[in-house]
>>> print(open('final32.cif').read())   # mmCIF, C-alpha atoms
data_query
loop_
_atom_site.label_atom_id
_atom_site.label_comp_id
_atom_site.auth_asym_id
_atom_site.auth_seq_id
_atom_site.Cartn_x
_atom_site.Cartn_y
_atom_site.Cartn_z
CA MET A 1 0.00 0.00 0.00
CA LYS A 2 2.94 2.37 0.63
CA ASP A 3 3.58 2.85 -3.08
CA ALA A 4 -0.01 3.12 -4.16
CA PRO A 5 -1.11 6.46 -5.57
CA LEU A 6 -3.42 8.30 -3.23
CA ALA A 7 -6.38 7.88 -5.55
CA HIS A 8 -5.95 4.10 -5.53
CA SER A 9 -5.80 4.01 -1.73
CA LEU A 10 -8.88 6.18 -1.44
CA GLU A 11 -10.73 4.03 -3.96
CA LEU A 12 -9.84 0.91 -2.01
CA GLU A 13 -11.01 2.42 1.28
CA LEU A 14 -14.27 3.50 -0.34
CA PHE A 15 -14.81 0.00 -1.66
CA ARG A 16 -14.14 -1.52 1.76
CA ALA A 17 -16.49 0.95 3.44
CA LEU A 18 -19.19 0.17 0.89
CA ARG A 19 -18.72 -3.56 1.46
CA ARG A 20 -18.99 -3.13 5.24
CA ALA A 21 -22.21 -1.15 4.78
CA ILE A 22 -23.70 -3.76 2.44
CA LEU A 23 -22.76 -6.68 4.68
CA ALA A 24 -24.23 -4.94 7.72
CA ARG A 25 -27.72 -5.23 6.14
CA PRO A 26 -29.63 -8.37 5.11
CA HIS A 27 -28.80 -9.67 1.64
CA ALA A 28 -32.34 -8.98 0.43
CA ASP A 29 -31.72 -5.24 1.00
CA ALA A 30 -28.68 -5.13 -1.29
CA ARG A 31 -30.77 -4.98 -4.45
CA ARG A 32 -32.90 -2.09 -3.19
CA PHE A 33 -29.94 -0.03 -2.04
CA GLY A 34 -27.96 -0.88 -5.15
CA ALA A 35 -30.84 0.25 -7.37
CA ARG A 36 -30.90 3.56 -5.48
CA PHE A 37 -27.16 3.86 -6.03
CA GLY A 38 -27.70 3.22 -9.75
CA ARG A 39 -30.46 5.84 -9.86
CA LEU A 40 -28.10 8.33 -8.28
CA GLY A 41 -25.47 7.48 -10.90
CA HIS A 42 -28.06 8.00 -13.61
CA ARG A 43 -28.82 11.44 -12.24
CA LEU A 44 -25.24 12.53 -11.60
CA VAL A 45 -23.19 10.98 -14.42
CA GLY A 46 -24.54 12.80 -17.44
CA VAL A 47 -22.04 11.32 -19.89
CA ALA A 48 -23.07 7.76 -19.07
CA ARG A 49 -26.77 8.67 -19.05
CA ARG A 50 -26.56 10.24 -22.51
CA ARG A 51 -24.54 7.27 -23.75
CA ALA A 52 -27.22 4.86 -22.53
CA GLU A 53 -29.99 6.87 -24.18
CA GLU A 54 -27.96 7.06 -27.40
CA SER A 55 -27.36 3.29 -27.40
CA LEU A 56 -31.06 2.67 -26.82
CA GLU A 57 -31.94 4.96 -29.70
CA GLN A 58 -29.53 3.09 -31.99
CA ALA A 59 -30.75 -0.39 -31.03
CA LEU A 60 -34.43 0.21 -30.37
CA PRO A 61 -35.33 3.19 -32.59
CA ASP A 62 -39.05 2.43 -32.54
CA LEU A 63 -39.37 3.14 -28.84
CA ALA A 64 -40.80 6.48 -27.80
CA PRO A 65 -38.15 8.82 -26.36
CA ARG A 66 -39.87 8.78 -22.98
CA ARG A 67 -39.77 4.98 -22.84
CA ARG A 68 -36.08 5.05 -23.81
CA ARG A 69 -35.30 7.46 -20.98
CA ARG A 70 -37.12 5.16 -18.54
CA LEU A 71 -35.22 2.16 -19.83
CA ALA A 72 -31.91 4.00 -19.46
CA ARG A 73 -32.71 4.77 -15.84
CA ALA A 74 -33.84 1.19 -15.21
CA SER A 75 -30.58 -0.05 -16.72
CA PHE A 76 -28.60 2.05 -14.23
CA GLU A 77 -30.76 0.69 -11.41
CA SER A 78 -30.20 -2.87 -12.58
CA PHE A 79 -26.45 -2.38 -12.80
CA GLY A 80 -26.29 -0.75 -9.36
CA ALA A 81 -28.38 -3.55 -7.86
CA HIS A 82 -26.11 -6.13 -9.46
CA LEU A 83 -22.97 -4.47 -8.09
CA PHE A 84 -24.32 -4.43 -4.56
CA GLU A 85 -25.58 -8.01 -4.76
CA ALA A 86 -22.26 -9.24 -6.16
CA ILE A 87 -20.59 -7.81 -3.05
CA SER A 88 -23.36 -8.96 -0.71
CA VAL A 89 -23.12 -12.66 -1.60
CA GLY A 90 -19.62 -12.72 -0.07
CA ARG A 91 -21.37 -13.35 3.27
CA PHE A 92 -22.65 -16.79 2.27
CA SER A 93 -21.19 -20.26 2.55
CA PRO A 94 -21.14 -22.16 -0.78
CA ASP A 95 -24.24 -24.21 0.17
CA ALA A 96 -26.17 -21.18 1.37
CA LEU A 97 -25.33 -19.35 -1.86
CA LEU A 98 -26.47 -22.25 -4.04
CA ASP A 99 -29.81 -22.23 -2.20
CA LEU A 100 -30.49 -18.79 -3.69
CA TYR A 101 -30.49 -20.03 -7.29
CA ASP A 102 -33.28 -21.57 -9.34
CA LEU A 103 -31.41 -23.51 -12.02
CA GLU A 104 -33.05 -24.00 -15.40
CA GLY A 105 -31.38 -26.21 -17.99
CA TRP A 106 -28.63 -27.43 -15.69
CA GLU A 107 -28.96 -30.89 -17.27
CA ILE A 108 -27.36 -29.35 -20.38
CA VAL A 109 -24.08 -28.61 -18.60
CA ASP A 110 -24.25 -31.88 -16.67
CA GLU A 111 -24.52 -33.78 -19.94
CA LEU A 112 -21.70 -31.82 -21.59
CA ALA A 113 -19.42 -32.21 -18.58
CA ARG A 114 -20.08 -35.96 -18.53
CA THR A 115 -19.78 -36.65 -22.25
CA ARG A 116 -17.47 -33.97 -23.57
CA GLY A 117 -15.45 -32.37 -20.83
CA GLY A 118 -14.39 -28.95 -22.03
CA PHE A 119 -16.71 -26.20 -23.25
CA PHE A 120 -17.17 -22.45 -23.20
CA LEU A 121 -19.60 -20.47 -21.08
CA HIS A 122 -20.98 -17.17 -22.28
CA THR A 123 -23.34 -14.49 -21.06
CA GLY A 124 -23.92 -10.82 -21.81
CA HIS A 125 -23.49 -7.80 -19.56
CA TYR A 126 -27.02 -8.59 -18.58
CA GLY A 127 -28.85 -8.98 -15.29
CA CYS A 128 -26.65 -10.44 -12.54
CA PHE A 129 -23.90 -11.59 -14.89
CA GLU A 130 -21.19 -11.83 -12.21
CA LEU A 131 -23.45 -13.92 -9.99
CA GLY A 132 -24.17 -16.30 -12.84
CA LEU A 133 -20.66 -17.68 -12.65
CA HIS A 134 -20.84 -18.96 -9.05
CA PRO A 135 -23.03 -22.07 -9.56
CA PHE A 136 -20.70 -23.21 -12.34
CA GLY A 137 -17.66 -22.77 -10.11
CA LEU A 138 -19.32 -24.58 -7.20
CA LEU A 139 -21.07 -27.42 -9.03
CA LEU A 140 -18.80 -28.12 -12.00
CA GLY A 141 -15.29 -27.28 -10.83
CA ASP A 142 -12.44 -26.48 -13.25
CA VAL A 143 -14.09 -23.23 -14.33
CA HIS A 144 -12.06 -20.20 -15.38
CA ALA A 145 -13.36 -16.78 -16.34
CA VAL A 146 -11.80 -13.96 -18.31
CA ALA A 147 -12.11 -10.48 -16.84
CA ARG A 148 -10.44 -7.17 -17.52
CA PRO A 149 -8.29 -6.41 -14.47
CA ALA A 150 -9.17 -3.26 -12.53
CA ASP A 151 -6.82 -0.32 -13.14
CA ASN A 152 -6.29 -0.07 -9.39
CA PRO A 153 -4.08 -3.07 -8.45
CA HIS A 154 -5.29 -3.09 -4.83
CA LEU A 155 -8.92 -3.08 -5.87
CA GLU A 156 -8.06 -5.81 -8.35
CA VAL A 157 -6.87 -8.05 -5.48
CA GLU A 158 -10.14 -7.49 -3.59
CA MET A 159 -12.26 -8.11 -6.66
CA ARG A 160 -10.36 -11.25 -7.58
CA LEU A 161 -10.84 -12.64 -4.07
CA GLN A 162 -14.53 -11.80 -4.30
CA ARG A 163 -14.92 -13.45 -7.70
CA GLU A 164 -12.87 -16.54 -6.81
CA ARG A 165 -14.59 -17.15 -3.48
CA PHE A 166 -16.97 -19.63 -5.07
CA GLY A 167 -14.65 -21.80 -7.09
CA ALA A 168 -14.09 -20.09 -10.44
CA ARG A 169 -10.54 -18.92 -11.24
CA MET A 170 -9.89 -15.66 -13.04
CA LEU A 171 -7.73 -15.17 -16.13
CA GLY A 172 -6.34 -11.71 -16.89
CA LYS A 173 -7.05 -10.61 -20.46
CA ILE A 174 -3.40 -10.46 -21.53
CA GLY A 175 -2.39 -13.86 -22.90
CA ALA A 176 -5.72 -15.32 -21.88
CA ALA A 177 -6.80 -16.52 -25.32
CA HIS A 178 -4.17 -19.22 -25.65
CA ARG A 179 -4.63 -20.31 -22.04
CA MET A 180 -8.35 -20.66 -22.74
CA LEU A 181 -7.54 -22.89 -25.67
CA ASN A 182 -5.40 -25.23 -23.57
CA LEU A 183 -7.83 -25.23 -20.63
CA VAL A 184 -10.71 -26.40 -22.80
CA ARG A 185 -8.49 -28.90 -24.59
CA ARG A 186 -7.78 -30.43 -21.19
CA GLY A 187 -11.49 -30.66 -20.37
CA GLY A 188 -11.93 -27.38 -18.50
CA ARG A 189 -14.67 -24.77 -18.75
CA VAL A 190 -13.96 -21.14 -19.60
CA ALA A 191 -16.40 -18.24 -19.28
CA ILE A 192 -16.07 -15.09 -21.36
CA ILE A 193 -18.25 -12.12 -22.30
CA ILE A 194 -17.97 -10.66 -25.80
CA ASP A 195 -20.88 -8.23 -26.04
CA GLN A 196 -18.83 -5.03 -25.51
CA HIS A 197 -16.96 -2.89 -28.03
CA ILE A 198 -13.30 -3.67 -28.71
CA ARG A 199 -10.71 -1.98 -30.95
CA PRO A 200 -11.42 -2.55 -34.65
CA ALA A 201 -7.87 -3.89 -35.17
CA ALA A 202 -8.71 -6.86 -32.93
CA ALA A 203 -12.35 -7.24 -33.91
CA VAL A 204 -14.85 -8.48 -36.45
CA ARG A 205 -17.78 -6.26 -37.32
CA VAL A 206 -20.98 -8.25 -36.99
CA PRO A 207 -24.65 -7.45 -36.47
CA PHE A 208 -25.84 -6.99 -32.91
CA LEU A 209 -29.33 -5.75 -32.17
CA GLY A 210 -29.75 -4.73 -35.78
CA ARG A 211 -26.53 -2.70 -36.16
CA LEU A 212 -22.96 -3.61 -37.00
CA ALA A 213 -20.75 -3.73 -33.92
CA TRP A 214 -17.02 -4.34 -33.47
CA THR A 215 -16.77 -7.58 -31.51
CA SER A 216 -14.03 -9.92 -30.34
CA PRO A 217 -13.86 -13.06 -32.51
CA VAL A 218 -11.81 -14.93 -29.88
CA LEU A 219 -14.65 -17.06 -28.54
CA ALA A 220 -15.64 -18.17 -32.05
CA MET A 221 -11.99 -18.85 -32.94
CA LEU A 222 -11.56 -21.05 -29.88
CA SER A 223 -14.83 -22.89 -30.34
CA ILE A 224 -14.04 -23.66 -33.99
CA ARG A 225 -10.50 -24.70 -33.08
CA THR A 226 -11.50 -27.07 -30.29
CA GLY A 227 -14.90 -28.18 -31.56
CA ALA A 228 -16.19 -27.30 -28.10
CA PRO A 229 -19.65 -25.73 -27.87
CA VAL A 230 -20.59 -22.35 -26.42
CA VAL A 231 -23.18 -22.54 -23.64
CA HIS A 232 -25.04 -19.28 -23.20
CA PHE A 233 -26.62 -18.51 -19.85
CA THR A 234 -28.37 -15.65 -18.10
CA CYS A 235 -28.63 -14.87 -14.42
CA THR A 236 -31.56 -12.63 -13.56
CA PRO A 237 -32.99 -11.36 -10.26
CA ARG A 238 -35.96 -12.93 -8.53
CA PRO A 239 -37.83 -11.57 -5.52
CA GLY A 240 -36.33 -12.00 -2.05
CA GLY A 241 -32.68 -11.77 -3.11
CA ARG A 242 -32.93 -14.91 -5.25
CA TYR A 243 -31.71 -15.60 -8.80
CA ARG A 244 -32.75 -17.50 -11.89
CA LEU A 245 -29.88 -19.11 -13.76
CA ALA A 246 -31.17 -20.11 -17.20
CA ILE A 247 -28.98 -22.19 -19.50
CA ARG A 248 -29.67 -22.32 -23.24
CA PRO A 249 -28.91 -25.31 -25.50
CA PRO A 250 -25.27 -25.39 -26.65
CA LEU A 251 -24.12 -23.61 -29.80
CA TRP A 252 -21.88 -26.00 -31.70
CA PRO A 253 -19.33 -24.73 -34.21
CA GLU A 254 -21.16 -26.43 -37.07
CA ASP A 255 -22.70 -25.47 -40.44
CA LEU A 256 -20.18 -22.69 -40.92
CA PRO A 257 -18.60 -21.28 -44.10
CA SER A 258 -15.34 -22.92 -45.16
CA ASP A 259 -13.51 -19.58 -45.15
CA ARG A 260 -11.95 -19.14 -41.72
CA ALA A 261 -12.73 -15.45 -41.21
CA ALA A 262 -16.29 -15.86 -42.47
CA ALA A 263 -16.83 -18.84 -40.16
CA GLU A 264 -15.65 -16.82 -37.16
CA ALA A 265 -17.93 -13.93 -38.07
CA VAL A 266 -20.94 -16.23 -38.47
CA LEU A 267 -20.37 -18.00 -35.16
CA THR A 268 -19.75 -14.68 -33.39
CA THR A 269 -23.06 -13.43 -34.79
CA ARG A 270 -24.88 -16.53 -33.52
CA ILE A 271 -23.42 -15.99 -30.05
CA LEU A 272 -24.46 -12.34 -30.02
CA ASP A 273 -27.93 -13.33 -31.23
CA ARG A 274 -28.38 -15.12 -27.90
CA VAL A 275 -27.60 -11.88 -26.07
CA ALA A 276 -29.98 -10.02 -28.39
CA ASP A 277 -32.76 -12.47 -27.45
CA ASP A 278 -32.13 -11.68 -23.79
CA VAL A 279 -32.12 -7.94 -24.42
CA HIS A 280 -35.43 -8.08 -26.28
CA ALA A 281 -36.96 -10.08 -23.39
CA ALA A 282 -35.97 -7.49 -20.75
CA PRO A 283 -34.05 -4.52 -22.20
CA GLU A 284 -33.63 -2.82 -18.82
CA LEU A 285 -31.29 -5.64 -17.71
CA TRP A 286 -28.61 -4.91 -20.31
CA MET A 287 -25.75 -2.48 -19.66
CA TRP A 288 -26.68 0.26 -22.11
CA MET A 289 -24.19 2.80 -20.77
CA SER A 290 -21.27 1.43 -22.77
CA ARG A 291 -20.75 2.81 -26.31
CA ARG A 292 -21.47 -0.42 -28.14
CA TRP A 293 -21.91 0.86 -31.67
CA ARG A 294 -18.98 2.92 -32.84
CA PRO A 295 -17.97 3.88 -36.37
CA TYR A 296 -14.77 2.71 -37.96
CA LEU A 297 -11.96 4.91 -36.72
CA ARG A 298 -9.44 6.07 -39.30
CA GLY A 299 -6.03 4.53 -38.65
CA SER A 300 -7.37 1.76 -36.42
CA MET B 1 38.59 -14.96 -44.50
CA LEU B 2 37.11 -11.51 -44.20
CA SER B 3 33.75 -10.87 -45.70
CA SER B 4 33.80 -8.71 -48.81
CA GLY B 5 30.44 -7.24 -47.87
CA THR B 6 28.95 -8.40 -51.16
CA GLU B 7 28.42 -12.03 -50.27
CA PRO B 8 24.78 -13.09 -50.51
CA VAL B 9 22.93 -13.38 -47.21
CA PRO B 10 22.49 -17.10 -46.50
CA GLU B 11 19.00 -18.42 -47.12
CA PRO B 12 17.18 -19.15 -43.87
CA ALA B 13 16.43 -22.78 -43.13
CA PRO B 14 12.93 -23.95 -44.18
CA THR B 15 11.76 -24.01 -40.55
CA GLU B 16 12.86 -20.44 -39.98
CA ARG B 17 11.44 -19.32 -43.33
CA LEU B 18 8.04 -20.80 -42.54
CA ALA B 19 7.99 -19.31 -39.04
CA ARG B 20 8.85 -15.87 -40.41
CA GLN B 21 6.21 -16.24 -43.10
CA LEU B 22 3.55 -17.06 -40.50
CA ILE B 23 4.54 -14.03 -38.43
CA ALA B 24 4.49 -11.87 -41.55
CA ASP B 25 1.04 -13.14 -42.53
CA THR B 26 -0.23 -12.41 -39.04
CA CYS B 27 1.02 -8.83 -38.87
CA GLY B 28 0.54 -8.03 -42.56
CA ARG B 29 4.18 -7.17 -43.36
CA PRO B 30 6.62 -8.76 -45.86
CA PRO B 31 8.87 -11.38 -44.23
CA ALA B 32 11.95 -9.38 -45.30
CA ASP B 33 10.84 -6.51 -43.04
CA LEU B 34 11.00 -8.66 -39.92
CA GLN B 35 14.02 -8.26 -37.68
CA PRO B 36 14.89 -10.89 -35.06
CA GLU B 37 14.60 -8.34 -32.28
CA HIS B 38 11.15 -7.13 -33.35
CA GLU B 39 8.70 -7.55 -30.49
CA LEU B 40 5.49 -9.29 -31.51
CA LEU B 41 3.27 -7.02 -29.44
CA GLY B 42 5.20 -3.75 -29.36
CA ASP B 43 6.67 -3.61 -32.88
CA LEU B 44 4.36 -5.83 -34.91
CA ALA B 45 1.07 -5.14 -33.08
CA ILE B 46 0.36 -8.86 -32.74
CA ASP B 47 -2.01 -8.89 -29.79
CA SER B 48 -5.01 -11.04 -29.06
CA PRO B 49 -6.64 -12.37 -31.27
CA LYS B 50 -3.74 -12.11 -33.73
CA ALA B 51 -1.45 -13.81 -31.22
CA LEU B 52 -3.96 -16.64 -30.89
CA ARG B 53 -4.10 -16.94 -34.68
CA LEU B 54 -0.27 -17.09 -34.88
CA LEU B 55 -0.04 -19.77 -32.20
CA MET B 56 -2.73 -21.86 -33.88
CA ASP B 57 -0.95 -21.51 -37.24
CA LEU B 58 2.35 -22.57 -35.65
CA GLU B 59 0.62 -25.61 -34.18
CA ASP B 60 -0.87 -26.55 -37.55
CA GLN B 61 2.23 -25.99 -39.65
CA PHE B 62 4.70 -27.68 -37.30
CA GLY B 63 2.38 -30.35 -35.88
CA ILE B 64 2.95 -29.23 -32.30
CA GLU B 65 0.86 -28.13 -29.33
CA VAL B 66 2.09 -24.93 -27.71
CA ALA B 67 2.08 -25.08 -23.90
CA ASP B 68 0.99 -22.02 -21.87
CA GLU B 69 4.49 -21.36 -20.57
CA ASP B 70 5.97 -21.56 -24.08
CA ALA B 71 3.32 -19.19 -25.44
CA ALA B 72 4.11 -16.73 -22.65
CA SER B 73 7.82 -16.81 -23.48
CA LEU B 74 7.42 -15.90 -27.18
CA ARG B 75 8.07 -12.17 -27.19
CA THR B 76 10.17 -11.53 -30.31
CA VAL B 77 10.58 -12.86 -33.84
CA ALA B 78 13.80 -14.57 -32.71
CA ASP B 79 11.92 -16.27 -29.83
CA VAL B 80 9.39 -17.75 -32.27
CA VAL B 81 12.05 -18.94 -34.68
CA ALA B 82 14.10 -20.50 -31.86
CA PHE B 83 11.00 -22.16 -30.44
CA VAL B 84 9.94 -23.84 -33.69
CA GLN B 85 13.53 -24.87 -34.46
CA GLU B 86 13.74 -26.48 -31.04
CA GLN B 87 10.42 -28.23 -31.59
CA ALA B 88 11.45 -29.43 -35.04
CA SER B 89 14.80 -30.84 -33.91
#
>>> encode(input="final32.cif", output="structure tokens")
Amino acid sequence: MKDAPLAHSLELELFRALRRAILARPHADARRFGARFGRLGHRLVGVARRRAEESLEQALPDLAPRRRRRLARASFESFGAHLFEAISVGRFSPDALLDLYDLEGWEIVDELARTRGGFFLHTGHYGCFELGLHPFGLLLGDVHAVARPADNPHLEVEMRLQRERFGARMLGKIGAAHRMLNLVRRGGRVAIIIDQHIRPAAAVRVPFLGRLAWTSPVLAMLSIRTGAPVVHFTCTPRPGGRYRLAIRPPLWPEDLPSDRAAAEAVLTTRILDRVADDVHAAPELWMWMSRRWRPYLRGS
Amino acid sequence: MLSSGTEPVPEPAPTERLARQLIADTCGRPPADLQPEHELLGDLAIDSPKALRLLMDLEDQFGIEVADEDAASLRTVADVVAFVQEQAS
């Protein structure tokens, strides 16, 4: 801590204070307080609010402006609630945590784990996406997840401990792709999210919610390479601090064009289509505040 | 004997030539532009997913499987060439 910049130390202390406050209340309160926190963010962080409204206009142009503004606010509330709940579950033992989930389609992962071994897990920045990982870590074992490390190294340690508390192991993004390949080859499970913008130089441009979006092809590349399917899941809130973990049938890397780049683009599109289905079902649960649809940047 | 300075540069061995060609294909530069000390990430902008593509191509062309620790140690053009030569020998 001695060498940490002041801002990092302050950020860490704020995080710890927030965690103490959340853990001092019952878990069922975390969602309510988190939603209030999100609402405050919606009011105070104008840049993110305008970005969310702009993204909604791009993806759902038929919605009335008033409805879009409501959805943007609800998206902030959902994200705030998710943040607080992700911290709040740190109080539970593994068994107590599992009791909070209603699992739908778990037989799909059971069957894959028994017959195939390795496969990929995927979800969007949707609902309680962080919480969706825990049942896989606890019930399957040998689960890794890719996450962008926090800029603050001290906060990164705290967040890693939080995320790894229930069995899953984290992979930093640098050098992760090849590690993912070998993990799945050896029968492991790797979770990754690809529904956010990445630099055009490292991306394919594929349709997402009706518009072309720069997207990482890594998951499709790995699935095609290994023959391992992609299992899409969503974790969404239920009353009383409970969660619904819904698992969709696996996407196999089959019926793809023979051209390698085209095959990766097609499979990436199919994966994003699963996220689009989720977004259409409950648009307020997606993280609209990121700039998902960006034009090609000269020199990229 | 001292070099006259006009002697032709020796042709690289097939293994080295293929490795350099794969790197060149990945970064979109002619193989002749590649220097041994060029860093894959810093000089040639080979980051994920290009790095993944390069490793998969190396596996296919040389019939090998690249371990995590080997992948992590490949930082320059010379590292890649040395790695495939070692695997081929």
>>> atom_distance(input="final32.cif", atom1="CA of Ala150 in chain A", atom2="CA of Leu100 in chain A")
27.8 Å
>>> resolve_selection(input="final32.cif", expression="the PyMOL selection byres ((chain B) within 6 of (chain A))", output="PyMOL selection string")
chain B and resi 49+52+68
>>> resolve_selection(input="final32.cif", expression="the PyMOL selection byres ((chain B and resi 80-89) around 6)", output="list in words")
Glu16, Ala19, Leu74, Val77, Ala78 and Asp79 of chain B
>>> resolve_selection(input="final32.cif", expression="the PyMOL selection byres ((chain A and resi 168) around 9)", output="ChimeraX atom specification")
/A:133-134,136-138,141-145,163-167,169-170
>>> axis_aligned_box(input="final32.cif", around="range 73-83 of chain B", padding_each_side="4 Å", output="AutoDock Vina command-line options")
--center_x 10.8 --center_y -16.8 --center_z -29.1 --size_x 14.7 --size_y 18.6 --size_z 19.2
>>> atom_distance(input="final32.cif", atom1="CA of Asn152 in chain A", atom2="CA of Ala7 in chain A")
8.8 Å
>>> residues_around(input="final32.cif", residues="Asp33 in chain B", least_positions_apart="4", cutoff="12 Å", atoms="only C-alpha atoms", output="list in words")
Arg20, Gln21, Ile23, Ala24, Asp25, Cys27, Gly28, Arg29, Glu37, His38, Asp43, Leu44 and Val77 of chain B
>>> residues_around(input="final32.cif", residues="Gly90 in chain A", least_positions_apart="4", cutoff="10 Å", atoms="all atoms listed in the file", output="PyMOL selection string")
chain A and resi 19+23+27+85-86+94+97+161-163+165-166
>>> closest_residue(input="final32.cif", among="A:Arg294, A:Arg199, A:Arg211, A:His280", to="Asp47 in chain B", atoms="only C-alpha atoms")
A:Arg199
>>> atom_distance(input="final32.cif", atom1="CA of His197 in chain A", atom2="CA of Arg185 in chain A")
27.6 Å
>>> residues_around(input="final32.cif", residues="Asp57 in chain B", least_positions_apart="4", cutoff="8 Å", atoms="only C-alpha atoms", output="count of residues only")
3
>>> decode(input="final32.cif", residues="range 9-72 of chain B", atoms="C-alpha atoms", output="PDB file, in the first residue's frame")
ATOM      1  CA  VAL B   9      22.926 -13.378 -47.209  1.00  0.00           C
ATOM      2  CA  PRO B  10      22.490 -17.104 -46.496  1.00  0.00           C
ATOM      3  CA  GLU B  11      19.005 -18.418 -47.122  1.00  0.00           C
ATOM      4  CA  PRO B  12      17.176 -19.155 -43.872  1.00  0.00           C
ATOM      5  CA  ALA B  13      16.426 -22.777 -43.134  1.00  0.00           C
ATOM      6  CA  PRO B  14      12.928 -23.947 -44.175  1.00  0.00           C
ATOM      7  CA  THR B  15      11.764 -24.005 -40.554  1.00  0.00           C
ATOM      8  CA  GLU B  16      12.862 -20.439 -39.984  1.00  0.00           C
ATOM      9  CA  ARG B  17      11.438 -19.319 -43.335  1.00  0.00           C
ATOM     10  CA  LEU B  18       8.040 -20.802 -42.542  1.00  0.00           C
ATOM     11  CA  ALA B  19       7.994 -19.313 -39.037  1.00  0.00           C
ATOM     12  CA  ARG B  20       8.849 -15.867 -40.414  1.00  0.00           C
ATOM     13  CA  GLN B  21       6.207 -16.236 -43.103  1.00  0.00           C
ATOM     14  CA  LEU B  22       3.549 -17.057 -40.503  1.00  0.00           C
ATOM     15  CA  ILE B  23       4.538 -14.029 -38.426  1.00  0.00           C
ATOM     16  CA  ALA B  24       4.491 -11.874 -41.553  1.00  0.00           C
ATOM     17  CA  ASP B  25       1.041 -13.142 -42.531  1.00  0.00           C
ATOM     18  CA  THR B  26      -0.233 -12.410 -39.037  1.00  0.00           C
ATOM     19  CA  CYS B  27       1.015  -8.830 -38.874  1.00  0.00           C
ATOM     20  CA  GLY B  28       0.543  -8.027 -42.562  1.00  0.00           C
ATOM     21  CA  ARG B  29       4.180  -7.175 -43.364  1.00  0.00           C
ATOM     22  CA  PRO B  30       6.619  -8.755 -45.859  1.00  0.00           C
ATOM     23  CA  PRO B  31       8.873 -11.384 -44.226  1.00  0.00           C
ATOM     24  CA  ALA B  32      11.955  -9.380 -45.296  1.00  0.00           C
ATOM     25  CA  ASP B  33      10.837  -6.511 -43.035  1.00  0.00           C
ATOM     26  CA  LEU B  34      10.995  -8.657 -39.915  1.00  0.00           C
ATOM     27  CA  GLN B  35      14.019  -8.262 -37.684  1.00  0.00           C
ATOM     28  CA  PRO B  36      14.892 -10.894 -35.056  1.00  0.00           C
ATOM     29  CA  GLU B  37      14.603  -8.339 -32.279  1.00  0.00           C
ATOM     30  CA  HIS B  38      11.152  -7.129 -33.345  1.00  0.00           C
ATOM     31  CA  GLU B  39       8.700  -7.551 -30.486  1.00  0.00           C
ATOM     32  CA  LEU B  40       5.491  -9.286 -31.507  1.00  0.00           C
ATOM     33  CA  LEU B  41       3.274  -7.023 -29.442  1.00  0.00           C
ATOM     34  CA  GLY B  42       5.200  -3.752 -29.361  1.00  0.00           C
ATOM     35  CA  ASP B  43       6.672  -3.606 -32.884  1.00  0.00           C
ATOM     36  CA  LEU B  44       4.363  -5.826 -34.912  1.00  0.00           C
ATOM     37  CA  ALA B  45       1.070  -5.141 -33.084  1.00  0.00           C
ATOM     38  CA  ILE B  46       0.358  -8.863 -32.736  1.00  0.00           C
ATOM     39  CA  ASP B  47      -2.009  -8.885 -29.789  1.00  0.00           C
ATOM     40  CA  SER B  48      -5.012 -11.041 -29.055  1.00  0.00           C
ATOM     41  CA  PRO B  49      -6.644 -12.368 -31.268  1.00  0.00           C
ATOM     42  CA  LYS B  50      -3.738 -12.111 -33.727  1.00  0.00           C
ATOM     43  CA  ALA B  51      -1.451 -13.813 -31.220  1.00  0.00           C
ATOM     44  CA  LEU B  52      -3.961 -16.637 -30.886  1.00  0.00           C
ATOM     45  CA  ARG B  53      -4.101 -16.945 -34.675  1.00  0.00           C
ATOM     46  CA  LEU B  54      -0.275 -17.085 -34.877  1.00  0.00           C
ATOM     47  CA  LEU B  55      -0.044 -19.773 -32.201  1.00  0.00           C
ATOM     48  CA  MET B  56      -2.734 -21.856 -33.878  1.00  0.00           C
ATOM     49  CA  ASP B  57      -0.947 -21.508 -37.241  1.00  0.00           C
ATOM     50  CA  LEU B  58       2.352 -22.568 -35.647  1.00  0.00           C
ATOM     51  CA  GLU B  59       0.621 -25.614 -34.181  1.00  0.00           C
ATOM     52  CA  ASP B  60      -0.867 -26.549 -37.553  1.00  0.00           C
ATOM     53  CA  GLN B  61       2.233 -25.994 -39.649  1.00  0.00           C
ATOM     54  CA  PHE B  62       4.698 -27.675 -37.301  1.00  0.00           C
ATOM     55  CA  GLY B  63       2.379 -30.348 -35.884  1.00  0.00           C
ATOM     56  CA  ILE B  64       2.946 -29.229 -32.301  1.00  0.00           C
ATOM     57  CA  GLU B  65       0.858 -28.126 -29.332  1.00  0.00           C
ATOM     58  CA  VAL B  66       2.091 -24.931 -27.708  1.00  0.00           C
ATOM     59  CA  ALA B  67       2.077 -25.077 -23.905  1.00  0.00           C
ATOM     60  CA  ASP B  68       0.987 -22.018 -21.875  1.00  0.00           C
ATOM     61  CA  GLU B  69       4.489 -21.358 -20.571  1.00  0.00           C
ATOM     62  CA  ASP B  70       5.971 -21.558 -24.080  1.00  0.00           C
ATOM     63  CA  ALA B  71       3.318 -19.190 -25.439  1.00  0.00           C
ATOM     64  CA  ALA B  72       4.106 -16.729 -22.654  1.00  0.00           C
TER      65      ALA B  72
END
